[in-house]
$ cat final.cif   # mmCIF, C-alpha atoms
data_protein
loop_
_atom_site.label_atom_id
_atom_site.label_comp_id
_atom_site.auth_asym_id
_atom_site.auth_seq_id
_atom_site.Cartn_x
_atom_site.Cartn_y
_atom_site.Cartn_z
CA MET A 44 88.58 -1.43 32.75
CA TYR A 45 86.82 -4.70 33.59
CA TYR A 46 83.46 -2.91 33.65
CA GLY A 47 84.12 -1.45 30.20
CA PHE A 48 84.91 -4.81 28.56
CA ALA A 49 82.04 -6.57 30.32
CA PHE A 50 79.45 -3.98 29.32
CA PHE A 51 80.80 -3.84 25.77
CA ALA A 52 80.22 -7.58 25.40
CA ILE A 53 76.75 -7.43 27.00
CA ILE A 54 75.54 -4.49 24.91
CA LEU A 55 76.95 -5.84 21.64
CA ILE A 56 75.53 -9.33 22.15
CA ARG A 57 72.14 -7.86 23.05
CA TYR A 58 72.17 -5.75 19.88
CA ILE A 59 73.17 -8.65 17.62
CA LEU A 60 70.60 -11.02 19.09
CA MET A 61 67.67 -8.59 19.14
CA ALA A 62 68.35 -6.81 15.84
CA GLY A 63 69.26 -10.11 14.20
CA PHE A 64 66.02 -11.74 15.34
CA ALA A 65 63.96 -8.77 14.10
CA TYR A 66 65.76 -8.82 10.75
CA TRP A 67 65.15 -12.56 10.36
CA LEU A 68 61.51 -12.23 11.38
CA VAL A 69 60.61 -9.37 9.03
CA TYR A 70 63.07 -9.68 6.15
CA LEU A 71 64.35 -13.24 5.87
CA ARG A 72 61.55 -15.45 7.14
CA THR A 73 59.47 -14.65 4.03
CA GLY A 74 62.22 -15.95 1.77
CA GLY A 75 63.52 -12.57 0.61
CA SER A 76 64.54 -9.12 1.74
CA ALA A 77 60.98 -7.85 1.71
CA VAL A 78 57.51 -9.14 2.42
CA ALA A 79 56.48 -11.81 -0.05
CA GLY A 80 54.49 -10.43 -2.96
CA ARG A 81 55.80 -6.87 -2.53
CA PRO A 82 58.08 -6.25 -5.55
CA ASP A 83 57.64 -2.49 -5.05
CA VAL A 84 59.55 -2.56 -1.76
CA GLN A 85 63.15 -1.41 -1.91
CA ALA A 86 65.56 -3.99 -0.53
CA PRO A 87 68.35 -2.83 1.80
CA SER A 88 71.86 -3.32 0.48
CA SER A 89 74.37 -5.58 2.18
CA ALA A 90 76.92 -2.76 2.20
CA ALA A 91 74.52 -0.44 4.05
CA MET A 92 73.77 -3.09 6.65
CA ARG A 93 77.47 -3.75 7.17
CA GLU A 94 78.01 -0.03 7.72
CA ASP A 95 75.14 0.03 10.22
CA ILE A 96 76.72 -2.84 12.15
CA ARG A 97 80.12 -1.11 12.09
CA LEU A 98 78.62 2.09 13.49
CA SER A 99 76.72 0.06 16.07
CA VAL A 100 79.97 -1.46 17.31
CA VAL A 101 81.37 2.05 17.72
CA SER A 102 78.21 3.09 19.58
CA THR A 103 78.60 0.04 21.78
CA VAL A 104 82.05 1.25 22.83
CA VAL A 105 80.61 4.66 23.78
CA PHE A 106 77.69 3.21 25.76
CA ALA A 107 79.94 0.64 27.44
CA LEU A 108 82.31 3.37 28.62
CA ALA A 109 79.35 5.43 29.85
CA THR A 110 77.99 2.43 31.75
CA ALA A 111 81.41 1.77 33.22
CA ALA A 112 81.52 5.41 34.35
CA VAL A 113 78.14 4.95 36.05
CA MET A 114 79.48 1.94 37.95
CA MET A 115 82.57 3.89 38.96
CA PHE A 116 80.36 6.71 40.25
CA GLN A 117 78.22 4.13 42.03
CA ASP A 118 81.28 2.66 43.79
CA ARG A 119 82.08 6.17 45.02
CA GLY A 120 78.56 6.81 46.25
CA MET A 121 77.88 9.51 43.67
CA THR A 122 74.77 8.07 42.00
CA GLN A 123 71.14 7.78 43.12
CA LEU A 124 70.96 4.09 42.18
CA TYR A 125 69.67 1.77 44.88
CA GLY A 126 69.33 -1.98 45.22
CA ARG A 127 66.83 -2.45 48.06
CA VAL A 128 63.24 -2.11 46.86
CA GLN A 129 62.11 -1.14 50.36
CA ASP A 130 64.16 2.06 50.18
CA HIS A 131 61.27 3.59 48.22
CA PRO A 132 57.55 2.70 47.91
CA TRP A 133 56.69 -0.06 45.43
CA TRP A 134 54.75 2.36 43.26
CA TYR A 135 57.91 4.43 42.84
CA LEU A 136 59.37 1.71 40.57
CA GLY A 137 56.68 2.36 37.97
CA LEU A 138 56.71 6.11 38.47
CA SER A 139 60.48 6.41 38.10
CA TYR A 140 60.42 4.17 35.01
CA ALA A 141 57.79 6.37 33.35
CA ALA A 142 59.61 9.55 34.41
CA VAL A 143 62.87 8.43 32.79
CA LEU A 144 61.10 7.53 29.54
CA VAL A 145 59.44 10.97 29.41
CA LEU A 146 62.70 12.77 30.21
CA GLN A 147 64.66 10.68 27.72
CA ASP A 148 62.06 11.30 25.04
CA GLY A 149 62.35 15.06 25.58
CA TRP A 150 66.16 14.92 25.51
CA PHE A 151 66.11 12.80 22.38
CA TYR A 152 63.67 15.12 20.60
CA VAL A 153 65.71 18.25 21.35
CA THR A 154 69.08 16.75 20.46
CA HIS A 155 67.76 14.85 17.45
CA ARG A 156 66.17 17.95 15.98
CA LEU A 157 69.29 19.97 16.70
CA LEU A 158 71.52 17.40 14.99
CA HIS A 159 69.55 17.84 11.78
CA ARG A 160 70.85 21.38 11.51
CA PRO A 161 73.12 21.55 8.42
CA ALA A 162 76.19 22.55 10.47
CA LEU A 163 75.87 19.56 12.81
CA PHE A 164 74.32 16.84 10.65
CA PRO A 165 77.54 15.70 8.89
CA TRP A 166 79.39 15.35 12.20
CA PHE A 167 76.72 13.90 14.45
CA HIS A 168 73.94 12.20 12.54
CA ARG A 169 74.73 11.43 8.90
CA GLY A 170 75.76 7.85 9.67
CA HIS A 171 72.33 6.97 10.99
CA HIS A 172 70.67 8.07 7.74
CA ARG A 173 73.00 6.30 5.32
CA SER A 174 70.79 3.21 5.14
CA ARG A 175 67.83 3.75 2.82
CA PRO A 176 65.63 2.08 3.75
CA PRO A 177 66.64 1.52 7.40
CA THR A 178 66.59 -1.96 8.90
CA PRO A 179 66.74 -3.29 12.47
CA TRP A 180 70.53 -3.05 12.15
CA THR A 181 70.11 0.74 11.89
CA SER A 182 68.59 0.93 15.37
CA PHE A 183 71.95 1.39 17.14
CA ALA A 184 73.93 2.89 14.25
CA PHE A 185 74.99 6.26 15.64
CA ASP A 186 77.95 8.44 14.84
CA PRO A 187 80.27 8.54 17.88
CA LEU A 188 79.33 12.10 18.87
CA GLU A 189 75.62 11.33 18.74
CA ALA A 190 76.15 8.15 20.77
CA LEU A 191 77.99 10.24 23.34
CA LEU A 192 75.10 12.73 23.54
CA GLN A 193 72.58 9.97 24.22
CA ALA A 194 74.86 8.17 26.66
CA LEU A 195 75.38 11.37 28.65
CA PHE A 196 71.66 11.49 29.37
CA LEU A 197 71.78 8.06 30.99
CA VAL A 198 74.79 9.07 33.08
CA ALA A 199 73.13 12.30 34.17
CA VAL A 200 69.80 10.72 35.09
CA VAL A 201 71.34 8.24 37.57
CA LEU A 202 73.20 11.10 39.23
CA VAL A 203 70.04 13.08 40.00
CA LEU A 204 67.07 10.68 40.05
CA PRO A 205 66.74 7.75 42.50
CA LEU A 206 66.45 4.60 40.38
CA HIS A 207 66.40 0.95 41.30
CA PHE A 208 68.79 -1.19 39.26
CA ILE A 209 65.78 -3.09 37.90
CA THR A 210 64.25 0.19 36.72
CA LEU A 211 67.46 1.18 34.96
CA MET A 212 67.66 -2.19 33.21
CA ALA A 213 64.01 -1.87 32.19
CA VAL A 214 64.71 1.55 30.66
CA LEU A 215 67.72 0.25 28.72
CA THR A 216 65.76 -2.75 27.46
CA THR A 217 62.84 -0.54 26.43
CA MET A 218 65.20 1.78 24.57
CA THR A 219 66.71 -1.13 22.63
CA VAL A 220 63.41 -2.81 21.77
CA TRP A 221 61.75 0.48 20.80
CA ALA A 222 64.63 1.49 18.55
CA ILE A 223 64.50 -1.84 16.73
CA VAL A 224 60.73 -1.71 16.28
CA ASN A 225 60.93 1.88 15.02
CA HIS A 226 63.33 0.80 12.28
CA LEU A 227 61.34 -2.16 10.97
CA GLY A 228 59.73 0.06 8.34
CA PRO A 229 56.06 -0.42 7.37
CA ASP A 230 57.08 -1.15 3.78
CA HIS A 231 58.62 -4.38 5.01
CA LEU A 232 55.59 -5.40 7.02
CA PRO A 233 52.45 -7.00 5.60
CA LEU A 234 50.05 -4.54 4.00
CA GLY A 235 47.46 -5.36 6.64
CA PHE A 236 49.80 -4.58 9.54
CA PRO A 237 47.61 -2.96 12.22
CA HIS A 238 47.86 0.76 12.70
CA HIS A 239 45.37 1.70 15.39
CA TRP A 240 44.67 4.64 17.70
CA LEU A 241 47.70 3.87 19.85
CA GLY A 242 49.87 5.03 16.95
CA ARG A 243 48.55 8.53 17.55
CA TRP A 244 50.45 8.65 20.84
CA MET A 245 53.27 6.13 20.59
CA ILE A 246 56.04 6.15 17.99
CA GLY A 247 56.33 3.01 15.88
CA PRO A 248 57.66 1.91 12.47
CA ALA A 249 55.05 3.86 10.51
CA HIS A 250 55.79 7.10 12.39
CA HIS A 251 59.58 6.82 12.35
CA SER A 252 59.87 5.62 8.76
CA LEU A 253 58.58 9.02 7.64
CA HIS A 254 61.52 10.66 9.43
CA HIS A 255 63.94 8.59 7.35
CA ARG A 256 62.12 9.76 4.22
CA ARG A 257 61.59 13.39 5.23
CA HIS A 258 64.24 14.64 7.62
CA GLY A 259 62.15 17.60 8.77
CA VAL A 260 59.49 15.58 10.61
CA HIS A 261 59.16 13.09 13.48
CA PHE A 262 62.08 13.57 15.87
CA GLY A 263 60.77 11.75 18.97
CA LEU A 264 61.80 8.41 20.42
CA TYR A 265 58.84 6.99 22.34
CA PHE A 266 55.93 9.42 22.18
CA THR A 267 54.47 11.69 19.52
CA PHE A 268 53.82 14.48 22.04
CA TRP A 269 56.71 16.78 21.14
CA ASP A 270 56.22 16.37 17.40
CA ARG A 271 52.56 17.28 17.76
CA LEU A 272 53.18 20.19 20.12
CA LEU A 273 56.05 21.75 18.16
CA GLY A 274 54.68 21.23 14.67
CA THR A 275 57.03 18.54 13.42
CA GLU A 276 54.45 15.80 12.89
CA ASP A 277 53.54 15.00 9.30
CA PRO A 278 49.87 16.05 8.88
CA ASP A 279 49.13 13.10 6.61
CA TYR A 280 50.28 10.72 9.32
CA GLY A 281 47.99 12.29 11.90
CA ALA A 282 45.02 12.20 9.55
CA SER A 283 45.62 8.54 8.76
CA VAL A 284 45.71 7.51 12.41
CA SER A 285 42.74 9.62 13.46
CA THR A 286 40.58 7.92 10.84
CA GLY A 287 41.77 4.47 11.84
CA GLY A 288 43.47 3.84 8.52
CA SER A 289 46.89 2.52 7.66
CA VAL A 290 49.92 4.48 6.64
CA ALA A 291 50.38 3.23 3.12
CA PRO A 292 53.80 2.89 1.48
CA LEU A 293 54.90 5.97 -0.38
CA PRO A 294 54.64 5.77 -4.18
CA PRO A 295 57.76 5.10 -6.27
CA GLY A 296 60.04 8.11 -6.48
CA THR A 297 58.92 9.63 -3.18
CA MET A 298 62.06 8.42 -1.43
CA THR A 299 64.26 10.22 -3.91
CA ALA A 300 62.28 13.45 -3.68
CA ALA A 301 62.23 13.29 0.12
CA ARG A 302 66.01 13.24 0.37
CA GLY A 303 66.10 16.90 -0.46
CA ALA A 304 63.48 17.81 2.15
#
$ encode --input "final.cif" --output "structure tokens"
Amino acid sequence: MYYGFAFFAIILIRYILMAGFAYWLVYLRTGGSAVAGRPDVQAPSSAAMREDIRLSVVSTVVFALATAAVMMFQDRGMTQLYGRVQDHPWWYLGLSYAAVLVLQDGWFYVTHRLLHRPALFPWFHRGHHRSRPPTPWTSFAFDPLEALLQALFLVAVVLVLPLHFITLMAVLTTMTVWAIVNHLGPDHLPLGFPHHWLGRWMIGPAHHSLHHRRHGVHFGLYFTFWDRLLGTEDPDYGASVSTGGSVAPLPPGTMTAARGA
């Protein structure tokens, strides 16, 4: 029980601080809800952000319980977590970190795409898409069943893959930071925001914002590999990156039309 309360507080405070800082930096620092001089940009509603925060608190409960379960398994010697770096070669820290990101990305792609099926979407994933446009507060806003699906991956991976505690913390931090960055939305960034060749391989706000506009594309978490391989990458996005251009904001009315996609 102590583990559950402690991890709930840690995860919630981390979410509030990191999402709050990103929201201030991108939305409030310019003196308004959007980038200065961008009257075409749709401002997020206060009600939507409150709902995102409410869902994030629920997700925090799920992830805290999952983390507490990991610690219980660890106390019983059931996990592959280790604390002494010398138990494995130094290079294994980097290799295991990369391996978890690749595995998590694959798990996220499969489950995310599955949850967009009409029979599952209302129960698992609708909450995450209520905010239009999304904000950093949306980064952790999962319906309870979706939060459970993602938390189960983290529980499973420590049961089968040797991971140093530092590696696990690095993965969790990466997941949080990446989710926040993905939900910044290019419309709320300066028009000259860089969009270089790295965007062809790594998911960022330009890539993920298209998923929130067109639910049939861009299901990955970290890398564009699965979207490219399985035909769920928007062709206009790929063309823009390959030519070194920027992904421009969609014209007025596109958001409305995309909701039916």
$ resolve_selection --input "final.cif" --expression "the PyMOL selection byres ((chain A and resi 99) around 9)" --output "ChimeraX atom specification"
/A:55,58,94-98,100-104,180-186
$ axis_aligned_box --input "final.cif" --around "segment 266-283 of chain A" --padding-each-side "3 Å" --output "lines of an AutoDock Vina configuration file"
center_x = 51.0
center_y = 15.1
center_z = 14.4
size_x = 18.0
size_y = 19.2
size_z = 21.6
$ closest_residue --input "final.cif" --among "A:Ile209, A:Val203, A:Ala112, A:Val105" --to "Leu191 of chain A" --atoms "only C-alpha atoms"
A:Val105
$ atom_distance --input "final.cif" --atom1 "atom CA of Thr154 of chain A" --atom2 "atom CA of Thr219 of chain A"
18.2 Å
$ closest_atom_pairs --input "final.cif" --of "segment 244-281 of chain A" --to "segment 133-144 of chain A" --cutoff "10 Å" --atoms "only C-alpha atoms" --output "tab-separated table"
residue	atom	partner	partner_atom	distance
A:Leu264	CA	A:Leu144	CA	9.2
A:Tyr265	CA	A:Leu144	CA	7.6
A:Phe266	CA	A:Leu144	CA	9.2
$ write_last_selection --input "final.cif" --atoms "C-alpha atoms" --output "compact mmCIF listing (two decimals), in the frame of the given file"
# COMPACT_ATOMS: atom_id res chain seq x y z
CA LEU A 264 61.80 8.41 20.42
CA TYR A 265 58.84 6.99 22.34
CA PHE A 266 55.93 9.42 22.18
$ atom_distance --input "final.cif" --atom1 "atom CA of Leu211 of chain A" --atom2 "atom CA of Gly126 of chain A"
10.9 Å
$ resolve_selection --input "final.cif" --expression "the PyMOL selection byres ((chain A and resi 254) around 12)" --output "count of residues only"
38
$ atom_distance --input "final.cif" --atom1 "atom CA of Asp230 of chain A" --atom2 "atom CA of Arg271 of chain A"
23.6 Å
$ closest_residue --input "final.cif" --among "A:Thr217, A:Leu124, A:Gln147, A:Ile223" --to "Tyr66 of chain A" --atoms "all atoms listed in the file"
A:Ile223
$ residues_around --input "final.cif" --residues "Ile53 of chain A" --least-positions-apart "5" --cutoff "12 Å" --atoms "all atoms listed in the file" --output "list in words"
Tyr46, Gly47, Phe48, Tyr58, Ile59, Leu60, Val100, Thr103, Val104, Phe106, Ala107, Thr110, Leu215 and Thr216 of chain A
$ closest_residue --input "final.cif" --among "A:Met218, A:Leu206, A:Val198, A:Met115" --to "Phe151 of chain A" --atoms "all atoms listed in the file"
A:Met218
$ closest_residue --input "final.cif" --among "A:Trp244, A:Gly170, A:Ala222, A:Phe51" --to "Leu108 of chain A" --atoms "all atoms listed in the file"
A:Phe51
$ closest_residue --input "final.cif" --among "A:Leu163, A:Tyr152, A:Ser174, A:Met92" --to "Gln193 of chain A" --atoms "all atoms listed in the file"
A:Tyr152
$ decode --input "final.cif" --residues "segment 131-190 of chain A" --atoms "C-alpha atoms" --output "PDB file, in the first residue's frame"
ATOM      1  CA  HIS A 131      26.160  -6.888 -16.710  1.00  0.00           C
ATOM      2  CA  PRO A 132      28.617  -5.163 -19.091  1.00  0.00           C
ATOM      3  CA  TRP A 133      28.450  -1.353 -19.198  1.00  0.00           C
ATOM      4  CA  TRP A 134      27.338  -1.417 -22.815  1.00  0.00           C
ATOM      5  CA  TYR A 135      24.300  -3.454 -21.784  1.00  0.00           C
ATOM      6  CA  LEU A 136      22.787  -0.358 -20.127  1.00  0.00           C
ATOM      7  CA  GLY A 137      22.483   1.371 -23.496  1.00  0.00           C
ATOM      8  CA  LEU A 138      21.467  -1.786 -25.329  1.00  0.00           C
ATOM      9  CA  SER A 139      18.716  -2.669 -22.862  1.00  0.00           C
ATOM     10  CA  TYR A 140      17.436   0.929 -22.906  1.00  0.00           C
ATOM     11  CA  ALA A 141      17.182   0.894 -26.708  1.00  0.00           C
ATOM     12  CA  ALA A 142      15.621  -2.587 -26.683  1.00  0.00           C
ATOM     13  CA  VAL A 143      12.840  -1.508 -24.314  1.00  0.00           C
ATOM     14  CA  LEU A 144      12.056   1.567 -26.427  1.00  0.00           C
ATOM     15  CA  VAL A 145      11.796  -0.573 -29.577  1.00  0.00           C
ATOM     16  CA  LEU A 146       9.628  -3.181 -27.836  1.00  0.00           C
ATOM     17  CA  GLN A 147       7.427  -0.533 -26.244  1.00  0.00           C
ATOM     18  CA  ASP A 148       7.019   1.233 -29.563  1.00  0.00           C
ATOM     19  CA  GLY A 149       5.863  -2.012 -31.194  1.00  0.00           C
ATOM     20  CA  TRP A 150       3.446  -2.749 -28.338  1.00  0.00           C
ATOM     21  CA  PHE A 151       2.084   0.783 -28.458  1.00  0.00           C
ATOM     22  CA  TYR A 152       1.596   0.681 -32.234  1.00  0.00           C
ATOM     23  CA  VAL A 153      -0.311  -2.624 -32.148  1.00  0.00           C
ATOM     24  CA  THR A 154      -2.526  -1.732 -29.194  1.00  0.00           C
ATOM     25  CA  HIS A 155      -3.068   1.853 -30.331  1.00  0.00           C
ATOM     26  CA  ARG A 156      -4.171   0.776 -33.778  1.00  0.00           C
ATOM     27  CA  LEU A 157      -6.385  -1.925 -32.295  1.00  0.00           C
ATOM     28  CA  LEU A 158      -8.053   0.554 -29.925  1.00  0.00           C
ATOM     29  CA  HIS A 159      -9.152   2.637 -32.896  1.00  0.00           C
ATOM     30  CA  ARG A 160     -11.436  -0.183 -33.989  1.00  0.00           C
ATOM     31  CA  PRO A 161     -15.050   1.047 -33.637  1.00  0.00           C
ATOM     32  CA  ALA A 162     -15.952  -1.669 -31.104  1.00  0.00           C
ATOM     33  CA  LEU A 163     -13.080  -0.763 -28.777  1.00  0.00           C
ATOM     34  CA  PHE A 164     -12.603   2.971 -29.287  1.00  0.00           C
ATOM     35  CA  PRO A 165     -15.448   4.165 -26.991  1.00  0.00           C
ATOM     36  CA  TRP A 166     -14.235   1.975 -24.120  1.00  0.00           C
ATOM     37  CA  PHE A 167     -10.475   2.318 -24.395  1.00  0.00           C
ATOM     38  CA  HIS A 168      -9.415   5.424 -26.276  1.00  0.00           C
ATOM     39  CA  ARG A 169     -12.126   8.041 -26.724  1.00  0.00           C
ATOM     40  CA  GLY A 170     -10.981  10.043 -23.703  1.00  0.00           C
ATOM     41  CA  HIS A 171      -7.585  10.705 -25.221  1.00  0.00           C
ATOM     42  CA  HIS A 172      -9.148  12.239 -28.337  1.00  0.00           C
ATOM     43  CA  ARG A 173     -11.648  14.514 -26.613  1.00  0.00           C
ATOM     44  CA  SER A 174      -9.270  17.479 -26.626  1.00  0.00           C
ATOM     45  CA  ARG A 175      -9.171  19.173 -30.021  1.00  0.00           C
ATOM     46  CA  PRO A 176      -6.539  20.388 -30.361  1.00  0.00           C
ATOM     47  CA  PRO A 177      -4.486  18.344 -27.862  1.00  0.00           C
ATOM     48  CA  THR A 178      -2.178  20.077 -25.400  1.00  0.00           C
ATOM     49  CA  PRO A 179       0.645  18.869 -23.142  1.00  0.00           C
ATOM     50  CA  TRP A 180      -2.066  17.999 -20.606  1.00  0.00           C
ATOM     51  CA  THR A 181      -3.335  15.384 -23.089  1.00  0.00           C
ATOM     52  CA  SER A 182      -0.045  13.474 -22.927  1.00  0.00           C
ATOM     53  CA  PHE A 183      -1.132  11.261 -20.003  1.00  0.00           C
ATOM     54  CA  ALA A 184      -4.904  11.428 -20.510  1.00  0.00           C
ATOM     55  CA  PHE A 185      -5.835   7.778 -21.021  1.00  0.00           C
ATOM     56  CA  ASP A 186      -9.035   5.933 -20.346  1.00  0.00           C
ATOM     57  CA  PRO A 187      -8.463   3.464 -17.486  1.00  0.00           C
ATOM     58  CA  LEU A 188      -8.458   0.381 -19.731  1.00  0.00           C
ATOM     59  CA  GLU A 189      -5.918   1.911 -22.097  1.00  0.00           C
ATOM     60  CA  ALA A 190      -3.725   2.953 -19.159  1.00  0.00           C
TER      61      ALA A 190
END
